[in-house]
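Below is the file upload.txt, which contains compact mmCIF, C-alpha atoms.
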```txt
# COMPACT_ATOMS: atom_id res chain seq x y z
CA LEU C 1 -18.98 9.90 -11.00
CA ASP C 2 -20.39 7.54 -13.58
CA GLY C 3 -20.97 3.98 -12.44
CA GLY C 4 -21.05 4.64 -8.70
CA GLU C 5 -17.38 5.57 -8.24
CA VAL C 6 -16.44 7.65 -5.22
CA VAL C 7 -13.49 10.05 -5.23
CA TYR C 8 -11.87 10.69 -1.86
CA HIS C 9 -8.86 12.38 -0.31
CA PHE C 10 -6.47 9.96 1.43
CA ARG C 11 -3.71 10.92 3.88
CA SER C 12 -1.50 9.00 6.27
CA PRO C 13 1.71 9.56 8.26
CA THR C 14 3.68 9.07 5.04
CA GLU C 15 1.24 10.68 2.58
CA TRP C 16 0.23 14.36 2.69
CA GLY C 17 -2.89 13.64 0.73
CA ASP C 18 -3.90 12.71 -2.78
CA LEU C 19 -7.09 11.87 -4.62
CA TRP C 20 -8.17 8.25 -5.00
CA SER C 21 -11.25 6.65 -6.50
CA ALA C 22 -13.08 3.57 -5.32
CA GLY C 23 -15.97 1.48 -6.44
CA GLY C 24 -17.69 1.31 -9.76
CA PRO C 25 -19.24 -1.65 -11.56
CA ASP C 26 -15.94 -3.10 -12.85
CA SER C 27 -14.07 -3.07 -9.54
CA PRO C 28 -16.36 -2.44 -6.56
CA LYS C 29 -13.70 -3.31 -3.95
CA SER C 30 -10.59 -1.74 -5.46
CA SER C 31 -9.08 1.71 -5.12
CA LYS C 32 -7.15 3.64 -7.74
CA ARG C 33 -4.78 6.51 -7.09
CA LEU C 34 -5.58 9.56 -9.22
CA THR C 35 -2.92 12.08 -8.16
CA TRP C 36 0.74 11.90 -7.04
CA THR C 37 1.68 15.24 -5.48
CA MET C 38 4.23 14.33 -2.78
CA PRO C 39 7.91 14.41 -3.78
CA HIS C 40 9.57 11.03 -3.25
CA SER C 41 12.50 12.77 -1.54
CA LEU C 42 10.13 13.93 1.22
CA GLN C 43 8.17 10.69 1.45
CA ARG C 44 11.36 8.69 2.09
CA LYS C 45 12.02 10.83 5.19
CA LEU C 46 8.62 10.25 6.81
CA ILE C 47 8.11 7.70 9.56
CA THR C 48 5.05 5.59 10.19
CA PRO C 49 4.40 5.66 13.95
CA THR C 50 3.55 2.60 15.96
CA GLU C 51 0.59 2.59 18.31
CA VAL C 52 1.28 1.66 21.93
CA ALA C 53 -0.78 1.37 25.09
CA ILE C 54 1.06 2.84 28.08
CA PRO C 55 -0.11 2.01 31.62
CA ASN C 56 -0.98 5.02 33.76
CA ALA C 57 -0.84 5.43 37.53
CA GLU C 58 -4.55 4.69 37.96
CA GLY C 59 -4.41 1.29 36.25
CA GLY C 60 -5.75 2.48 32.90
CA GLN C 61 -3.99 2.75 29.58
CA ILE C 62 -2.94 5.71 27.50
CA HIS C 63 -3.04 5.44 23.72
CA ALA C 64 0.14 6.88 22.21
CA LEU C 65 1.91 7.06 18.88
CA MET C 66 5.65 6.35 18.88
CA TYR C 67 7.91 7.82 16.22
CA VAL C 68 11.21 5.94 16.26
CA PRO C 69 13.92 6.56 13.68
CA ALA C 70 14.77 3.66 11.39
CA ASN C 71 18.12 1.99 12.06
CA ALA C 72 18.50 3.89 15.30
CA ASP C 73 21.17 3.25 17.91
CA SER C 74 19.06 3.03 21.07
CA ALA C 75 21.96 4.23 23.20
CA LYS C 76 22.01 7.57 21.38
CA LEU C 77 18.28 8.26 21.13
CA GLN C 78 16.79 11.09 23.15
CA PRO C 79 13.26 10.73 24.60
CA LEU C 80 10.64 13.35 23.85
CA VAL C 81 7.00 13.45 24.98
CA TRP C 82 5.08 15.57 22.48
CA ILE C 83 2.00 16.97 24.25
CA HIS C 84 -0.85 18.11 22.02
CA GLY C 85 -3.09 21.04 22.83
CA GLY C 86 -6.54 20.72 24.15
CA PRO C 87 -7.37 18.80 26.19
CA MET C 88 -10.32 18.28 23.85
CA CYS C 89 -8.06 17.33 20.96
CA VAL C 90 -6.44 14.16 19.60
CA MET C 91 -3.27 13.12 17.79
CA SER C 92 -4.26 10.66 15.10
CA PHE C 93 -2.59 8.40 12.59
CA ASP C 94 -2.22 11.30 10.14
CA TYR C 95 0.34 13.31 8.21
CA ASN C 96 2.63 15.15 10.65
CA PRO C 97 6.07 15.86 9.15
CA LEU C 98 7.32 17.65 12.28
CA LEU C 99 7.20 14.45 14.34
CA SER C 100 9.03 12.51 11.62
CA TRP C 101 11.63 15.27 11.44
CA LEU C 102 12.21 15.10 15.20
CA ALA C 103 12.56 11.32 15.07
CA ASN C 104 15.04 11.60 12.21
CA LEU C 105 17.09 13.97 14.37
CA GLY C 106 17.49 11.15 16.91
CA TYR C 107 14.49 11.56 19.20
CA VAL C 108 12.09 8.82 20.22
CA VAL C 109 8.89 10.82 20.08
CA CYS C 110 5.98 9.65 22.24
CA VAL C 111 2.70 11.36 21.34
CA PRO C 112 0.11 10.50 24.00
CA ASN C 113 -3.63 10.89 23.81
CA PHE C 114 -3.84 11.54 27.53
CA ARG C 115 -7.10 11.66 29.45
CA GLY C 116 -9.21 14.50 28.11
CA SER C 117 -8.37 13.68 24.49
CA THR C 118 -11.25 13.08 22.12
CA GLY C 119 -11.88 9.81 20.31
CA PHE C 120 -11.56 7.42 23.27
CA GLY C 121 -15.02 7.67 24.80
CA ILE C 122 -16.89 10.04 27.08
CA ALA C 123 -15.28 8.76 30.30
CA HIS C 124 -11.80 9.40 28.82
CA MET C 125 -12.80 12.97 27.88
CA ASP C 126 -14.61 13.67 31.15
CA ALA C 127 -11.63 12.54 33.26
CA VAL C 128 -10.29 16.10 33.12
CA LEU C 129 -13.43 17.72 34.49
CA ALA C 130 -13.44 19.24 37.98
CA ASP C 131 -10.54 17.87 40.09
CA GLY C 132 -9.16 15.91 37.12
CA CYS C 133 -8.26 19.07 35.21
CA GLY C 134 -4.49 19.47 35.24
CA SER C 135 -4.13 16.30 37.27
CA ALA C 136 -5.31 13.30 35.23
CA ASP C 137 -3.85 14.62 31.98
CA LEU C 138 -0.53 15.57 33.58
CA SER C 139 -0.33 12.20 35.33
CA ASP C 140 -0.69 10.48 31.95
CA CYS C 141 2.12 12.60 30.48
CA PHE C 142 4.38 11.62 33.38
CA ALA C 143 3.48 7.96 32.77
CA CYS C 144 4.63 8.38 29.16
CA ALA C 145 7.92 9.86 30.35
CA GLU C 146 8.40 6.87 32.66
CA TYR C 147 7.61 4.56 29.76
CA LEU C 148 10.33 6.19 27.66
CA LYS C 149 12.80 5.86 30.55
CA SER C 150 11.97 2.16 30.81
CA MET C 151 12.76 1.74 27.11
CA ALA C 152 16.29 3.01 27.75
CA ASP C 153 16.95 0.47 30.51
```

Here is the file; what I need is its structure written in the form of structure tokens.
Amino acid sequence: LDGGEVVYHFRSPTEWGDLWSAGGPDSPKSSKRLTWTMPHSLQRKLITPTEVAIPNAEGGQIHALMYVPANADSAKLQPLVWIHGGPMCVMSFDYNPLLSWLANLGYVVCVPNFRGSTGFGIAHMDAVLADGCGSADLSDCFACAEYLKSMAD
């Protein structure tokens, strides 16, 4: 664009994606929203997850996203560990209406990036090679289930 502006696509857990512009000579550090495509009725239902570090059996930590319904009665919440495909995959801080929907139904949804997931270094990815395949990743998922049980206590 003229003047050094950059147009980009922005998405988040509560935004399915719109165009924004940034830069330019008049406002080099500001962003400006260009499109508004998400209905407000949908946006109000979406939940921003919190990031947690869950200890695993081997003394490491598992990065996970937690979707917890707003104004929830903890006694009535049901735990759910949402396991992504892969293992060479990752669940990121991105638009995922299914996980918000589950949380709004009364589930505490834990979305772990267990060993083997991408984005956490080579050692984290390689932990599922050879004898670690089906063992390290499953152990991390069990650790997340234990974490959810400890939240209920």

Practice item. Could you jot down the CA of Arg44 in chain C to CA of Thr14 in chain C separation for me, Å, one decimal place? Key: 8.2 Å

Study note, to complete from the structure: Restricting to only C-alpha atoms, whichever of C:Val90, C:Ile83, C:Tyr107, C:Arg33 is closest to Leu138 in chain C is C:Ile83

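Using all atoms listed in the file for every distance, the candidate list C:Cys89, C:Tyr95, C:Leu77, C:Ala103 yields C:Tyr95 as the residue closest to Glu15 in chain C.
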
Practice item. Could you check which of C:Gly106, C:Cys133, C:Ser100, C:Gln61 is closest to Phe120 in chain C, using only C-alpha atoms? Key: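 Ranking C:Gly106, C:Cys133, C:Ser100, C:Gln61 by distance to Phe120 in chain C, first place goes to C:Gln61.
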
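Counting all atoms listed in the file, the residue from C:Pro39, C:Gly59, C:Pro79, C:Gly17 that sits nearest to Cys144 in chain C is C:Pro79.
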
Exercise for review: Figure out the distance between CA of Ala143 in chain C and CA of Glu58 in chain C, please, to one decimal in Å.
Suggested key: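 CA of Ala143 in chain C lies 10.1 Å from CA of Glu58 in chain C.
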
Revision key, fill the gap. Closest of C:Gly121, C:Gly24, C:Gly132, C:Pro112 to Tyr67 in chain C, counting all atoms listed in the file, is C:Pro112

Check your understanding: How many Å separate CA of Asp94 in chain C from CA of Phe10 in chain C?
Key ->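 Spanning CA of Asp94 in chain C to CA of Phe10 in chain C is a straight-line distance of 9.8 Å.
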
Review point. Looking at C:Ala64, C:Ala22, C:Val6, C:Ile47, which one is nearest to Asn96 in chain C, with distances taken over only C-alpha atoms?
Key: C:Ile47

Exercise for review: Fewer than 6 positions away in the same chain doesn't count, so skip those; otherwise give me all residues within 12 Å of Asp126 in chain C, counting all atoms listed in the file, as a list in words.
Suggested key: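 What passes the distance filter is Pro87, Met88, Phe114, Arg115, Gly116, Ser117, Thr118, Gly119, Phe120, Gly132, Cys133, Ala136 and Asp137 of chain C.
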
Practice item. Could you give me, as a list in words, the residues within 8 Å of Gly23 in chain C, counting all atoms listed in the file and dropping anything in the same chain fewer than 6 positions from it? Key: Gly4, Glu5, Val6, Lys29, Ser30 and Ser31 of chain C

Point to revise | Who sits within 12 Å of Leu99 in chain C, all atoms listed in the file, same chain under 4 positions skipped, as a PyMOL selection string | key: chain C and resi 13-14+45-49+65-69+80-84+91+93-95+103-111
